[in-house]
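Participant: Below you'll find structure.pdb; it's PDB, C-alpha atoms, pLDDT in the B column.
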ATOM      1  CA  MET A   1     -23.660  18.442   1.878  1.00 39.00           C
ATOM      2  CA  GLY A   2     -24.516  21.200  -0.510  1.00 42.00           C
ATOM      3  CA  ARG A   3     -27.408  23.559  -0.001  1.00 43.00           C
ATOM      4  CA  SER A   4     -29.751  21.118  -1.675  1.00 41.00           C
ATOM      5  CA  GLY A   5     -28.662  18.346   0.689  1.00 45.00           C
ATOM      6  CA  SER A   6     -27.469  16.058  -2.091  1.00 49.00           C
ATOM      7  CA  LEU A   7     -24.021  14.782  -2.888  1.00 51.00           C
ATOM      8  CA  ARG A   8     -22.652  16.898  -5.717  1.00 58.00           C
ATOM      9  CA  ILE A   9     -20.127  14.320  -6.890  1.00 61.00           C
ATOM     10  CA  ARG A  10     -21.465  12.371  -9.835  1.00 67.00           C
ATOM     11  CA  LEU A  11     -20.715   8.681  -9.562  1.00 69.00           C
ATOM     12  CA  PRO A  12     -21.508   5.897 -11.982  1.00 72.00           C
ATOM     13  CA  ARG A  13     -24.145   3.406 -10.853  1.00 79.00           C
ATOM     14  CA  GLU A  14     -21.582   0.669 -10.071  1.00 77.00           C
ATOM     15  CA  ALA A  15     -19.552   3.056  -7.942  1.00 72.00           C
ATOM     16  CA  LYS A  16     -22.671   4.196  -6.070  1.00 75.00           C
ATOM     17  CA  GLU A  17     -23.587   0.552  -5.464  1.00 79.00           C
ATOM     18  CA  ARG A  18     -20.113  -0.176  -4.099  1.00 75.00           C
ATOM     19  CA  LEU A  19     -20.288   2.874  -1.841  1.00 76.00           C
ATOM     20  CA  ALA A  20     -23.728   1.773  -0.628  1.00 81.00           C
ATOM     21  CA  GLU A  21     -22.303  -1.694   0.127  1.00 79.00           C
ATOM     22  CA  ALA A  22     -19.495  -0.115   2.140  1.00 74.00           C
ATOM     23  CA  ALA A  23     -22.015   1.949   4.092  1.00 76.00           C
ATOM     24  CA  LYS A  24     -24.130  -1.146   4.739  1.00 81.00           C
ATOM     25  CA  ALA A  25     -21.076  -3.108   5.920  1.00 74.00           C
ATOM     26  CA  LEU A  26     -20.410  -0.307   8.394  1.00 72.00           C
ATOM     27  CA  GLY A  27     -24.051  -0.372   9.483  1.00 80.00           C
ATOM     28  CA  LEU A  28     -24.719   3.143   8.189  1.00 78.00           C
ATOM     29  CA  PRO A  29     -27.066   4.666   5.636  1.00 83.00           C
ATOM     30  CA  LEU A  30     -25.142   5.989   2.638  1.00 78.00           C
ATOM     31  CA  ARG A  31     -25.946   9.624   3.442  1.00 80.00           C
ATOM     32  CA  THR A  32     -24.719   9.110   7.013  1.00 82.00           C
ATOM     33  CA  LEU A  33     -21.440   7.650   5.730  1.00 77.00           C
ATOM     34  CA  ILE A  34     -20.843  10.645   3.475  1.00 77.00           C
ATOM     35  CA  GLN A  35     -21.733  13.002   6.320  1.00 80.00           C
ATOM     36  CA  ALA A  36     -19.429  11.102   8.704  1.00 79.00           C
ATOM     37  CA  VAL A  37     -16.543  11.410   6.281  1.00 80.00           C
ATOM     38  CA  GLY A  38     -17.511  14.973   5.429  1.00 81.00           C
ATOM     39  CA  GLU A  39     -18.304  16.151   1.937  1.00 79.00           C
ATOM     40  CA  GLU A  40     -15.027  18.022   1.471  1.00 82.00           C
ATOM     41  CA  ARG A  41     -12.918  15.101   2.745  1.00 84.00           C
ATOM     42  CA  PHE A  42     -14.949  12.734   0.577  1.00 82.00           C
ATOM     43  CA  ARG A  43     -14.393  15.023  -2.423  1.00 82.00           C
ATOM     44  CA  LEU A  44     -10.616  15.030  -1.823  1.00 86.00           C
ATOM     45  CA  LEU A  45     -10.560  11.264  -1.367  1.00 88.00           C
ATOM     46  CA  TRP A  46     -12.626  10.731  -4.491  1.00 86.00           C
ATOM     47  CA  GLU A  47     -10.435  13.017  -6.605  1.00 87.00           C
ATOM     48  CA  GLU A  48      -7.220  11.358  -5.421  1.00 91.00           C
ATOM     49  CA  ALA A  49      -8.553   7.822  -5.815  1.00 90.00           C
ATOM     50  CA  LEU A  50      -9.902   8.631  -9.272  1.00 89.00           C
ATOM     51  CA  ARG A  51      -6.655  10.303 -10.325  1.00 92.00           C
ATOM     52  CA  PHE A  52      -4.612   7.305  -9.168  1.00 92.00           C
ATOM     53  CA  HIS A  53      -6.896   4.539 -10.450  1.00 91.00           C
ATOM     54  CA  GLY A  54      -8.095   6.360 -13.561  1.00 90.00           C
ATOM     55  CA  ASP A  55     -11.440   4.575 -13.412  1.00 86.00           C
ATOM     56  CA  GLU A  56     -14.482   5.488 -11.307  1.00 82.00           C
ATOM     57  CA  VAL A  57     -15.429   1.946 -10.364  1.00 82.00           C
ATOM     58  CA  ARG A  58     -11.866   1.005  -9.365  1.00 88.00           C
ATOM     59  CA  ALA A  59     -11.524   4.264  -7.421  1.00 86.00           C
ATOM     60  CA  MET A  60     -14.691   3.507  -5.442  1.00 83.00           C
ATOM     61  CA  GLY A  61     -13.476  -0.033  -4.867  1.00 86.00           C
ATOM     62  CA  PHE A  62     -10.302   1.370  -3.329  1.00 90.00           C
ATOM     63  CA  LEU A  63     -12.292   3.662  -1.027  1.00 88.00           C
ATOM     64  CA  ALA A  64     -14.733   0.951   0.057  1.00 85.00           C
ATOM     65  CA  ARG A  65     -12.351  -2.033   0.434  1.00 89.00           C
ATOM     66  CA  PRO A  66     -10.423  -2.766   3.659  1.00 92.00           C
ATOM     67  CA  ASN A  67      -6.773  -1.822   3.220  1.00 93.00           C
ATOM     68  CA  PRO A  68      -3.904  -3.558   5.085  1.00 94.00           C
ATOM     69  CA  ALA A  69      -1.947  -0.289   5.193  1.00 93.00           C
ATOM     70  CA  LEU A  70      -4.851   1.213   7.157  1.00 95.00           C
ATOM     71  CA  GLY A  71      -5.040  -1.586   9.704  1.00 95.00           C
ATOM     72  CA  GLY A  72      -7.692  -3.437   7.715  1.00 95.00           C
ATOM     73  CA  ARG A  73     -10.057  -0.463   7.733  1.00 94.00           C
ATOM     74  CA  THR A  74     -11.446   1.123   4.581  1.00 90.00           C
ATOM     75  CA  PRO A  75     -10.211   4.530   3.433  1.00 92.00           C
ATOM     76  CA  LEU A  76     -13.758   5.805   3.982  1.00 87.00           C
ATOM     77  CA  GLU A  77     -13.663   4.683   7.624  1.00 87.00           C
ATOM     78  CA  VAL A  78     -10.249   6.197   8.284  1.00 92.00           C
ATOM     79  CA  ALA A  79     -10.933   9.527   6.568  1.00 90.00           C
ATOM     80  CA  SER A  80     -13.616  10.645   9.009  1.00 85.00           C
ATOM     81  CA  SER A  81     -11.044  12.985  10.607  1.00 88.00           C
ATOM     82  CA  ASP A  82      -8.447  15.327   9.136  1.00 90.00           C
ATOM     83  CA  GLU A  83      -5.666  13.105  10.512  1.00 94.00           C
ATOM     84  CA  GLY A  84      -7.295  10.049   8.964  1.00 93.00           C
ATOM     85  CA  LEU A  85      -7.612  11.831   5.632  1.00 93.00           C
ATOM     86  CA  GLU A  86      -3.885  12.557   5.705  1.00 94.00           C
ATOM     87  CA  GLU A  87      -3.212   8.886   6.468  1.00 95.00           C
ATOM     88  CA  VAL A  88      -5.276   7.767   3.470  1.00 94.00           C
ATOM     89  CA  LEU A  89      -3.617  10.330   1.205  1.00 94.00           C
ATOM     90  CA  ARG A  90      -0.216   8.986   2.340  1.00 94.00           C
ATOM     91  CA  VAL A  91      -1.344   5.490   1.333  1.00 94.00           C
ATOM     92  CA  VAL A  92      -2.284   6.781  -2.126  1.00 92.00           C
ATOM     93  CA  GLN A  93       1.075   8.556  -2.394  1.00 91.00           C
ATOM     94  CA  ASN A  94       2.878   5.365  -1.347  1.00 90.00           C
ATOM     95  CA  LEU A  95       0.946   3.396  -3.967  1.00 88.00           C
ATOM     96  CA  GLU A  96       1.989   5.914  -6.584  1.00 87.00           C
ATOM     97  CA  GLU A  97       5.595   5.407  -5.536  1.00 87.00           C
ATOM     98  CA  GLY A  98       5.238   1.626  -5.583  1.00 84.00           C
ATOM     99  CA  VAL A  99       5.199   1.146  -1.791  1.00 76.00           C
ATOM    100  CA  PHE A 100       2.326  -1.197  -0.951  1.00 65.00           C
ATOM    101  CA  LEU A 101       2.434  -1.306   2.877  1.00 59.00           C
TER     102      LEU A 101
END
Using the file provided, produce a representation of the structure as structure tokens.
Facilitator:
Amino acid sequence: MGRSGSLRIRLPREAKERLAEAAKALGLPLRTLIQAVGEERFRLLWEEALRFHGDEVRAMGFLARPNPALGGRTPLEVASSDEGLEEVLRVVQNLEEGVFL
């Protein structure tokens, strides 16, 4: 987190709600989820998802929804390590290239 302790990525209300739902489904407070993923990894994920989907709500849906290419886990779950982040970024790259699994 930044020095102020708050997430510096501005999200629309619907996207924040979807992220909060994902955190709840994982049994974590939202702040804990962001901390578990890591702010920098979350920032990279967010930027890539937003770039690919072009819409903040759809980007958050991608991050919070279980993905078959990730073994049924959400991108947020998988990206809690550097290796997991790379795996999620590969999924985004595959989607861009039209490979869905």
Participant: Given the file shown, enumerate the residues that the PyMOL selection byres ((chain A and resi 50) around 12) captures and present them as an MDAnalysis selection string.
Facilitator: chainID A and resid 9 11 15 42:49 51:63 92
Participant: Written as a ChimeraX atom specification, which residues does the PyMOL selection byres ((chain A and resi 36) around 9) give for the file shown?
Facilitator: /A:31-35,37-39,77,79-81
Participant: Quick one, how far is CA of Arg13 (chain A) from CA of Asn94 (chain A)?
Facilitator: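 Between these atoms lies a distance of 28.7 Å.
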Participant: Using only the atoms of region 14-22 of chain A listed in the file, plus 8 Å on each side, state the axis-aligned box centre and edge lengths in Å rounded to one decimal, as AutoDock Vina command-line options.
Facilitator:
--center_x -21.6 --center_y 1.3 --center_z -4.0 --size_x 20.2 --size_y 21.9 --size_z 28.2
Participant: Just the number, please: distance in Å from CA of Arg90 (chain A) to CA of Leu19 (chain A), one decimal.
Facilitator: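 Computed distance, CA of Arg90 (chain A) to CA of Leu19 (chain A), equals 21.4 Å.
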Participant: Expressed in Å to a single decimal, how great is the separation between CA of Leu70 (chain A) and CA of Pro12 (chain A)?
Facilitator: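 So the two atoms, CA of Leu70 (chain A) and CA of Pro12 (chain A), lie 25.8 Å apart.
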Participant: For Glu21 (chain A), which of A:Asp82, A:Gly72, A:Arg65, A:Glu87 is the closest residue, counting all atoms listed in the file?
Facilitator: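 Closest residue, counting all atoms listed in the file: A:Arg65.
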Participant: Nearest to Arg73 (chain A) among A:Val88, A:Leu28, A:Ala20, A:Val99, with distances taken over only C-alpha atoms: which residue is it?
Facilitator: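 The answer is A:Val88, which sits nearest to Arg73 (chain A).
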Participant: Smallest atom-to-atom distance to Leu95 (chain A): which of A:Pro75, A:Ala69, A:Lys16, A:Gly27, using all atoms listed in the file?
Facilitator: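 Counting all atoms listed in the file, the residue closest to Leu95 (chain A) is A:Ala69.
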Participant: So which one's closest to Leu89 (chain A), A:Ala64, A:Leu76, A:Ala25, A:Leu30? Using only C-alpha atoms, please.
Facilitator: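 Closest to Leu89 (chain A), using only C-alpha atoms: A:Leu76.
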